[in-house]
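See below for query.txt, which holds compact mmCIF, C-alpha atoms.
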```txt
# COMPACT_ATOMS: atom_id res chain seq x y z
CA MET A 22 115.95 86.95 19.82
CA LYS A 23 115.59 89.70 22.35
CA ARG A 24 114.88 87.16 25.02
CA PHE A 25 117.93 85.22 24.01
CA ALA A 26 120.10 88.34 24.31
CA LEU A 27 118.69 88.95 27.77
CA LEU A 28 119.34 85.40 28.82
CA PHE A 29 122.81 85.55 27.37
CA SER A 30 123.70 88.75 29.19
CA LEU A 31 122.26 87.34 32.40
CA LEU A 32 124.45 84.29 32.02
CA VAL A 33 127.52 86.34 31.27
CA PHE A 34 126.92 88.69 34.17
CA GLY A 35 126.10 85.86 36.49
CA PHE A 36 129.27 84.15 35.44
CA THR A 37 131.51 87.18 35.85
CA SER A 38 130.06 87.97 39.25
CA ILE A 39 131.13 84.54 40.45
CA GLN A 40 134.50 84.73 38.76
CA ALA A 41 135.46 88.24 39.74
CA GLN A 42 134.08 88.07 43.23
CA LYS A 43 135.26 90.84 45.46
CA TYR A 44 135.03 90.95 49.20
CA PHE A 45 134.86 94.15 51.07
CA THR A 46 134.59 95.79 54.47
CA ARG A 47 134.77 99.25 55.91
CA ASP A 48 134.72 98.10 59.54
CA GLY A 49 138.06 96.33 59.76
CA LYS A 50 139.98 96.34 63.00
CA VAL A 51 143.62 97.28 63.26
CA THR A 52 145.36 97.25 66.63
CA PHE A 53 148.93 97.95 67.43
CA SER A 54 150.81 97.52 70.64
CA SER A 55 154.20 98.55 71.86
CA ASP A 56 155.43 96.70 74.89
CA THR A 57 158.38 97.85 76.97
CA PRO A 58 159.17 97.28 80.62
CA ILE A 59 158.25 100.91 81.27
CA GLU A 60 155.01 101.24 79.41
CA LYS A 61 152.48 99.33 77.38
CA ILE A 62 150.89 101.30 74.61
CA GLU A 63 147.93 100.07 72.65
CA ALA A 64 145.67 101.70 70.11
CA HIS A 65 142.63 100.53 68.19
CA ASN A 66 141.22 101.49 64.85
CA GLN A 67 137.78 100.13 63.95
CA LYS A 68 137.45 101.72 60.55
CA ALA A 69 139.87 100.02 58.24
CA THR A 70 138.67 99.42 54.72
CA CYS A 71 139.74 96.29 52.95
CA VAL A 72 139.06 94.90 49.49
CA LEU A 73 140.00 91.39 48.51
CA ASN A 74 139.72 90.22 44.95
CA ALA A 75 139.08 86.50 45.07
CA ALA A 76 139.93 86.09 41.39
CA ASP A 77 143.56 87.17 41.55
CA GLY A 78 144.22 87.44 45.29
CA ARG A 79 144.91 91.14 45.31
CA MET A 80 144.28 92.76 48.63
CA GLU A 81 144.13 96.40 49.67
CA PHE A 82 143.86 98.00 53.05
CA ALA A 83 143.50 101.61 54.01
CA ILE A 84 143.22 103.22 57.42
CA LEU A 85 143.03 106.72 58.77
CA ILE A 86 145.76 107.39 61.31
CA LYS A 87 143.64 109.82 63.29
CA ALA A 88 141.01 107.12 63.86
CA PHE A 89 143.36 105.26 66.22
CA GLN A 90 142.05 105.50 69.75
CA PHE A 91 144.47 105.33 72.67
CA GLU A 92 143.78 104.86 76.32
CA LYS A 93 145.59 108.05 77.21
CA ALA A 94 144.84 111.31 75.46
CA LEU A 95 148.45 112.44 75.71
CA MET A 96 149.71 109.35 73.90
CA GLN A 97 147.21 109.90 71.13
CA GLU A 98 148.32 113.49 70.82
CA HIS A 99 152.00 112.59 70.62
CA PHE A 100 151.28 109.76 68.21
CA ASN A 101 149.44 112.05 65.82
CA GLU A 102 151.43 115.22 66.14
CA ASN A 103 154.98 114.13 66.79
CA TYR A 104 155.44 110.64 65.41
CA MET A 105 152.96 109.93 62.64
CA GLU A 106 152.43 113.57 61.63
CA SER A 107 148.91 112.54 60.70
CA GLY A 108 148.00 116.04 59.56
CA THR A 109 150.46 115.62 56.70
CA TYR A 110 150.06 111.85 56.28
CA PRO A 111 146.44 111.06 57.21
CA LYS A 112 146.41 107.53 55.78
CA ALA A 113 148.30 104.30 55.92
CA THR A 114 147.79 101.82 53.12
CA PHE A 115 148.74 98.33 52.13
CA LYS A 116 148.52 96.95 48.62
CA GLY A 117 149.45 93.36 48.22
CA GLN A 118 148.82 89.93 46.94
CA ILE A 119 147.89 86.63 48.52
CA SER A 120 150.50 84.32 47.07
CA ASN A 121 148.55 81.09 47.51
CA ILE A 122 145.14 82.36 46.40
CA GLU A 123 144.47 79.27 44.29
CA ALA A 124 144.52 77.18 47.47
CA ILE A 125 141.40 78.91 48.75
CA ASP A 126 138.01 77.57 47.80
CA PHE A 127 135.72 80.53 48.40
CA SER A 128 132.63 78.45 47.79
CA LYS A 129 133.34 76.06 50.64
CA ASP A 130 133.62 76.68 54.38
CA GLY A 131 137.11 76.21 55.71
CA ASN A 132 140.16 77.79 57.21
CA TYR A 133 143.14 78.65 55.07
CA GLU A 134 146.58 79.81 55.95
CA VAL A 135 147.75 82.47 53.56
CA THR A 136 150.86 84.46 52.81
CA VAL A 137 150.43 88.07 51.84
CA ALA A 138 153.16 90.25 50.40
CA GLY A 139 153.02 93.80 49.18
CA ASP A 140 153.76 97.43 49.82
CA MET A 141 152.91 99.15 53.06
CA THR A 142 152.83 102.92 53.18
CA ILE A 143 153.00 104.60 56.57
CA HIS A 144 154.08 108.15 57.30
CA GLY A 145 154.62 108.69 53.57
CA VAL A 146 157.23 105.94 53.38
CA THR A 147 156.63 102.75 51.39
CA GLN A 148 158.21 99.46 52.39
CA ALA A 149 157.86 95.95 51.02
CA VAL A 150 156.37 93.68 53.66
CA SER A 151 155.23 90.11 53.91
CA THR A 152 153.29 88.20 56.54
CA THR A 153 151.23 85.11 57.10
CA GLY A 154 147.61 85.15 58.12
CA ASN A 155 144.39 83.20 58.17
CA ILE A 156 141.31 83.38 56.06
CA LEU A 157 138.20 81.68 57.36
CA VAL A 158 135.48 81.07 54.79
CA LYS A 159 132.06 80.68 56.32
CA ASP A 160 128.64 81.00 54.70
CA GLY A 161 130.09 82.91 51.78
CA LYS A 162 131.76 85.45 54.06
CA LEU A 163 135.38 85.77 55.01
CA SER A 164 137.14 86.50 58.26
CA ALA A 165 140.76 87.34 57.73
CA ASP A 166 143.34 88.03 60.37
CA ALA A 167 147.06 88.53 60.59
CA THR A 168 149.64 89.63 63.10
CA PHE A 169 152.95 91.08 62.10
CA GLU A 170 155.73 93.24 63.40
CA THR A 171 156.83 96.58 62.13
CA LYS A 172 159.57 99.02 63.04
CA PRO A 173 158.76 102.72 63.36
CA GLY A 174 162.33 103.38 62.21
CA ASP A 175 161.64 101.77 58.83
CA TYR A 176 159.02 104.39 58.12
CA ASP A 177 161.16 107.31 59.12
CA ILE A 178 159.23 107.79 62.34
CA LYS A 179 161.52 109.50 64.79
CA ILE A 180 161.15 108.82 68.49
CA PRO A 181 162.86 111.40 70.69
CA ALA A 182 165.56 110.15 73.06
CA VAL A 183 163.54 111.13 76.14
CA VAL A 184 160.84 108.55 75.44
CA ARG A 185 163.04 106.12 73.56
CA LYS A 186 162.75 103.60 76.37
CA ASN A 187 158.95 103.94 76.55
CA ILE A 188 158.29 102.95 72.97
CA ALA A 189 159.26 99.56 71.61
CA GLU A 190 161.51 99.38 68.58
CA ILE A 191 159.30 96.68 67.22
CA VAL A 192 155.58 97.36 67.22
CA GLN A 193 153.13 94.51 66.92
CA VAL A 194 150.22 95.03 64.56
CA THR A 195 147.06 92.92 64.52
CA VAL A 196 144.59 93.08 61.68
CA ALA A 197 141.15 91.47 61.73
CA VAL A 198 138.59 91.99 59.01
CA ASP A 199 135.20 90.45 58.28
CA LEU A 200 134.66 90.66 54.57
CA ALA A 201 131.32 90.37 52.83
CA PRO A 202 130.79 89.74 49.11
CA PHE A 203 130.57 92.89 47.14
CA ASN A 204 128.62 93.07 43.90
CA LYS A 205 128.88 96.27 41.96
CA MET B 7 171.21 125.08 102.86
CA LYS B 8 168.05 123.70 104.47
CA LYS B 9 165.94 126.49 102.99
CA TYR B 10 167.35 125.75 99.60
CA LEU B 11 166.35 122.12 99.96
CA LYS B 12 162.81 123.07 100.90
CA TYR B 13 162.38 125.00 97.66
CA LEU B 14 163.84 122.16 95.70
CA VAL B 15 161.34 119.70 97.18
CA GLY B 16 158.53 122.16 96.46
CA ILE B 17 159.54 122.50 92.83
CA LEU B 18 159.89 118.74 92.52
CA ILE B 19 156.37 118.13 93.82
CA VAL B 20 154.91 120.66 91.39
CA ALA B 21 156.90 119.14 88.53
CA VAL B 22 155.81 115.59 89.29
CA GLY B 23 152.24 116.77 89.79
CA THR B 24 152.13 118.57 86.46
CA GLY B 25 153.78 115.60 84.78
CA ALA B 26 151.25 113.16 86.21
CA TYR B 27 148.39 115.47 85.33
CA MET B 28 149.55 115.69 81.75
CA TYR B 29 150.24 111.97 81.54
CA TYR B 30 146.77 111.10 82.79
CA LYS B 31 145.11 113.95 80.93
CA PRO B 32 141.64 112.71 79.99
CA HIS B 33 140.33 112.55 76.46
CA GLN B 34 138.40 115.58 75.36
CA ASN B 35 134.80 115.42 76.51
CA ILE B 36 133.07 115.27 73.19
CA LYS B 37 129.66 115.89 74.68
CA THR B 38 130.58 119.36 75.88
CA ALA B 39 133.05 120.13 73.10
CA LYS B 40 132.32 123.12 70.93
CA VAL B 41 131.41 122.42 67.31
CA ASP B 42 133.97 123.95 64.93
CA ILE B 43 132.08 123.45 61.70
CA SER B 44 128.49 122.46 61.06
CA LEU B 45 127.32 121.26 57.65
CA PRO B 46 125.22 118.66 55.82
CA ALA B 47 126.67 115.21 55.14
CA GLU B 48 126.62 115.80 51.36
CA ALA B 49 128.65 118.98 51.75
CA VAL B 50 131.45 117.40 53.74
CA PHE B 51 131.56 114.43 51.36
CA THR B 52 131.72 116.69 48.31
CA ALA B 53 134.45 118.75 49.93
CA PHE B 54 136.62 115.66 50.41
CA GLU B 55 135.79 114.23 47.02
CA SER B 56 136.60 117.35 45.06
CA ASP B 57 139.78 118.38 46.88
CA GLU B 58 140.99 115.99 49.54
CA ALA B 59 144.09 117.96 50.49
CA ALA B 60 142.12 121.15 51.04
CA ALA B 61 139.44 119.29 52.96
CA ASN B 62 142.11 117.69 55.14
CA THR B 63 143.45 121.07 56.19
CA LYS B 64 139.97 122.34 56.78
CA TYR B 65 138.36 119.44 58.63
CA LEU B 66 140.97 117.08 60.11
CA ASP B 67 140.88 116.96 63.91
CA LYS B 68 138.04 119.46 63.95
CA ILE B 69 134.80 118.84 65.77
CA VAL B 70 132.45 118.61 62.85
CA ALA B 71 128.68 118.48 63.13
CA VAL B 72 127.00 116.72 60.23
CA ASN B 73 123.32 116.33 59.54
CA GLY B 74 121.78 113.86 57.16
CA THR B 75 119.62 110.80 56.83
CA VAL B 76 120.57 107.43 58.26
CA LYS B 77 121.61 105.06 55.50
CA GLU B 78 123.07 102.17 57.43
CA VAL B 79 123.65 101.20 61.06
CA ASN B 80 126.24 98.68 62.19
CA LYS B 81 127.32 97.33 65.51
CA ASN B 82 130.55 95.38 65.74
CA GLU B 83 131.45 92.66 68.22
CA ASP B 84 133.08 95.21 70.51
CA GLY B 85 129.71 96.93 70.81
CA ILE B 86 130.73 99.97 68.83
CA THR B 87 127.93 101.44 66.77
CA THR B 88 128.55 103.06 63.44
CA VAL B 89 126.00 105.12 61.59
CA THR B 90 126.45 105.89 57.90
CA LEU B 91 124.79 109.06 56.71
CA ASP B 92 123.61 109.43 53.15
CA ALA B 93 125.77 111.78 51.11
CA GLY B 94 123.81 111.56 47.90
CA GLN B 95 126.12 108.78 46.70
CA ASP B 96 125.32 105.29 45.64
CA MET B 97 127.98 103.49 47.62
CA PHE B 98 129.61 105.84 50.03
CA GLY B 99 128.60 108.21 52.74
CA VAL B 100 129.69 109.86 55.92
CA ILE B 101 130.53 107.33 58.61
CA CYS B 102 129.95 108.34 62.22
CA GLN B 103 131.50 106.01 64.77
CA LEU B 104 129.87 106.56 68.13
CA ASP B 105 132.16 107.50 71.01
CA GLU B 106 133.18 104.65 73.29
CA LEU B 107 133.68 106.92 76.27
CA THR B 108 130.23 108.48 76.22
CA LYS B 109 126.91 107.03 77.28
CA HIS B 110 124.52 107.49 74.41
CA PRO B 111 120.81 108.12 74.90
CA ARG B 112 120.21 105.71 72.02
CA GLU B 113 122.26 103.54 69.73
CA ASP B 114 119.40 102.55 67.49
CA PHE B 115 118.78 104.70 64.50
CA PRO B 116 115.99 103.88 62.07
CA ILE B 117 117.06 103.96 58.42
CA GLY B 118 115.84 107.11 56.73
CA GLN B 119 115.60 109.18 59.88
CA LYS B 120 117.13 112.64 59.89
CA VAL B 121 119.88 112.92 62.50
CA GLN B 122 122.77 115.12 63.47
CA PHE B 123 126.06 113.99 64.93
CA LYS B 124 129.16 115.75 66.06
CA GLY B 125 132.51 114.06 66.12
CA VAL B 126 136.16 114.32 65.23
CA CYS B 127 136.83 114.24 61.52
CA THR B 128 139.65 111.84 60.67
CA GLY B 129 139.58 112.10 56.89
CA MET B 130 138.37 110.12 53.91
CA LEU B 131 139.00 106.57 52.80
CA MET B 132 136.06 105.72 50.60
CA ASP B 133 133.71 107.37 53.00
CA VAL B 134 134.35 110.41 55.14
CA VAL B 135 135.02 109.14 58.66
CA LEU B 136 134.09 110.82 61.93
CA VAL B 137 135.06 109.15 65.18
CA ARG B 138 133.98 109.79 68.78
CA CYS B 139 130.56 110.86 67.60
CA VAL B 140 127.63 111.88 69.77
CA GLU B 141 124.16 112.65 68.58
CA ILE B 142 123.06 116.26 68.71
CA ILE B 143 119.50 116.37 69.92
CA ASP B 144 117.71 119.65 69.78
```
Take the structure in the file and give it back as structure tokens.
Amino acid sequence: MKRFALLFSLLVFGFTSIQAQKYFTRDGKVTFSSDTPIEKIEAHNQKATCVLNAADGRMEFAILIKAFQFEKALMQEHFNENYMESGTYPKATFKGQISNIEAIDFSKDGNYEVTVAGDMTIHGVTQAVSTTGNILVKDGKLSADATFETKPGDYDIKIPAVVRKNIAEIVQVTVAVDLAPFNK
Amino acid sequence: MKKYLKYLVGILIVAVGTGAYMYYKPHQNIKTAKVDISLPAEAVFTAFESDEAAANTKYLDKIVAVNGTVKEVNKNEDGITTVTLDAGQDMFGVICQLDELTKHPREDFPIGQKVQFKGVCTGMLMDVVLVRCVEIID
């Protein structure tokens, strides 16, 4: 009987771990670039965390604003202190849902185009956003990437008139994460 | 009139010079930077876990030196090494991302070894994150 219970629980746990598979990373890359005729600004963040629930397609991202590295120290300073106010708002998050999750077969290698929609919070302001991206399934791991545009103005980020021409009104954001299965 | 012009040109040169200097101001040299706070990895993790807002005011943007044991080492495709220090937690720790602008004496850290890093504290996601880290060797 005891053995049966053990076997049963093993089966159940084994089953749930396949069903409720989660994928996770803490080394995601987020890059943004602002391109104007006057200046090109680019910053990289290598420490985005991302969790993807394969069962229901929920996806969450979180990044630390201060972990963005710029080429020029002055830009980084202005970005943190004047625009993003990262002392007050240290994080940016995204909580969303892959709308066509049922189209993805996580057990088979392949490339899938996905649509993700959800809430993005930057600078303490939450906006509904939606974008398309790719998920590549390979050897049980996922590589997901997406590129989308965002407006600093939407998140109440004020750019002073003096540098208005140096910073694009539409900032391009690229996200690339390699997700590994996560069993806990 | 001519004299007046000379001063104007002088001021202009100084202004442009200062502007350019500020614009091209280099990133802080983390190797020579003074450590603001020095503590064990568990302590900084606990500080963030128990009161994130207070820890943010205390540690954000500060040069923090953490000591602990190596739990995990990662290198991404851009060649950036990340060392996770044990914080007495099952899943999470203190992540030290090595500085891209510094040449490191080593980027290989055996699991379980005791190390100390200093870097800029950027806050907590699931782990406490330090960027621009360099190893402190004494």
Which neighbours of stretch 64-77 of chain A fall inside 8 Å, counting only C-alpha atoms, when residues of the same chain fewer than 4 positions from it are skipped, and could you give them as a PDB file with C-alpha atoms, keeping the file's coordinate frame?
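The resulting file, selection_24.pdb, is shown below:
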```pdb
ATOM      1  CA  GLN A  40     134.500  84.730  38.760  1.00  0.00           C
ATOM      2  CA  ALA A  41     135.460  88.240  39.740  1.00  0.00           C
ATOM      3  CA  GLN A  42     134.080  88.070  43.230  1.00  0.00           C
ATOM      4  CA  LYS A  43     135.260  90.840  45.460  1.00  0.00           C
ATOM      5  CA  TYR A  44     135.030  90.950  49.200  1.00  0.00           C
ATOM      6  CA  PHE A  45     134.860  94.150  51.070  1.00  0.00           C
ATOM      7  CA  THR A  46     134.590  95.790  54.470  1.00  0.00           C
ATOM      8  CA  ARG A  47     134.770  99.250  55.910  1.00  0.00           C
ATOM      9  CA  ASP A  48     134.720  98.100  59.540  1.00  0.00           C
ATOM     10  CA  GLY A  49     138.060  96.330  59.760  1.00  0.00           C
ATOM     11  CA  LYS A  50     139.980  96.340  63.000  1.00  0.00           C
ATOM     12  CA  VAL A  51     143.620  97.280  63.260  1.00  0.00           C
ATOM     13  CA  THR A  52     145.360  97.250  66.630  1.00  0.00           C
ATOM     14  CA  PHE A  53     148.930  97.950  67.430  1.00  0.00           C
ATOM     15  CA  SER A  54     150.810  97.520  70.640  1.00  0.00           C
ATOM     16  CA  GLU A  81     144.130  96.400  49.670  1.00  0.00           C
ATOM     17  CA  PHE A  82     143.860  98.000  53.050  1.00  0.00           C
ATOM     18  CA  ALA A  83     143.500 101.610  54.010  1.00  0.00           C
ATOM     19  CA  ILE A  84     143.220 103.220  57.420  1.00  0.00           C
ATOM     20  CA  LEU A  85     143.030 106.720  58.770  1.00  0.00           C
ATOM     21  CA  ALA A  88     141.010 107.120  63.860  1.00  0.00           C
ATOM     22  CA  PHE A  89     143.360 105.260  66.220  1.00  0.00           C
ATOM     23  CA  GLN A  90     142.050 105.500  69.750  1.00  0.00           C
ATOM     24  CA  PHE A  91     144.470 105.330  72.670  1.00  0.00           C
ATOM     25  CA  GLU A  92     143.780 104.860  76.320  1.00  0.00           C
ATOM     26  CA  ILE A 122     145.140  82.360  46.400  1.00  0.00           C
ATOM     27  CA  PHE A 127     135.720  80.530  48.400  1.00  0.00           C
ATOM     28  CA  VAL A 198     138.590  91.990  59.010  1.00  0.00           C
ATOM     29  CA  LEU A 200     134.660  90.660  54.570  1.00  0.00           C
TER      30      LEU A 200
ATOM     31  CA  LEU B 131     139.000 106.570  52.800  1.00  0.00           C
ATOM     32  CA  MET B 132     136.060 105.720  50.600  1.00  0.00           C
TER      33      MET B 132
END
```
Proximal residues of chain B relative to chain A (only C-alpha atoms; 7 Å) as a ChimeraX atom specification: /B:28-33,128-129,131,137
May I have the protein, DNA and RNA residues with any atom at most 10 Å from the point (143.1, 84.4, 59.6), counting all atoms listed in the file, written as JSON, numbers by chain? {"A": [132, 133, 134, 135, 153, 154, 155, 156, 157, 158, 163, 164, 165, 166, 167, 168, 196, 197, 198]}
With C-alpha atoms retained, write the just-selected residues as a compact mmCIF listing (two decimals), in the frame of the given file.
```
# COMPACT_ATOMS: atom_id res chain seq x y z
CA ASN A 132 140.16 77.79 57.21
CA TYR A 133 143.14 78.65 55.07
CA GLU A 134 146.58 79.81 55.95
CA VAL A 135 147.75 82.47 53.56
CA THR A 153 151.23 85.11 57.10
CA GLY A 154 147.61 85.15 58.12
CA ASN A 155 144.39 83.20 58.17
CA ILE A 156 141.31 83.38 56.06
CA LEU A 157 138.20 81.68 57.36
CA VAL A 158 135.48 81.07 54.79
CA LEU A 163 135.38 85.77 55.01
CA SER A 164 137.14 86.50 58.26
CA ALA A 165 140.76 87.34 57.73
CA ASP A 166 143.34 88.03 60.37
CA ALA A 167 147.06 88.53 60.59
CA THR A 168 149.64 89.63 63.10
CA VAL A 196 144.59 93.08 61.68
CA ALA A 197 141.15 91.47 61.73
CA VAL A 198 138.59 91.99 59.01
```
Excluding B:Ile69 and residues on its chain fewer than 2 positions from it, collect all residues at most 12 Å away from it, counting all atoms listed in the file, and give them as a list of chain:residue names. B:Gln34, B:Asn35, B:Ile36, B:Lys37, B:Thr38, B:Ala39, B:Lys40, B:Val41, B:Asp42, B:Ile43, B:Ser44, B:Leu45, B:Lys64, B:Tyr65, B:Leu66, B:Asp67, B:Ala71, B:Val72, B:Phe123, B:Lys124, B:Gly125, B:Val126, B:Cys127, B:Thr128, B:Leu136, B:Val137, B:Arg138, B:Cys139, B:Val140
Distance of atom CA of A:Thr57 from atom CA of A:Pro181, expressed in Å to one decimal place: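 Atom-to-atom, atom CA of A:Pro181 and atom CA of A:Thr57 are spaced 15.6 Å apart.
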Atom CA of B:Asp144 to atom CA of B:Thr75 measures 15.8 Å
Let me have the centre and edge lengths of the axis-aligned box enclosing all listed atoms of stretch 150-157 of chain A with 6 Å padding on every side, in Å to one decimal, as AutoDock Vina command-line options.
```
--center_x 147.3 --center_y 87.7 --center_z 55.9 --size_x 30.2 --size_y 24.0 --size_z 16.5
```
By how many Å are atom CA of A:Gln148 and atom CA of B:Asn62 apart? 24.5 Å
Counting all atoms listed in the file, the option among A:Ser128, A:Pro173, A:Met80, A:Thr136 closest to A:Val194: A:Pro173
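Shortest separation to A:Asp160 among A:Ile125, A:Met105, A:Ala113, A:Ala201 occurs at residue A:Ala201, atoms counted being all atoms listed in the file.
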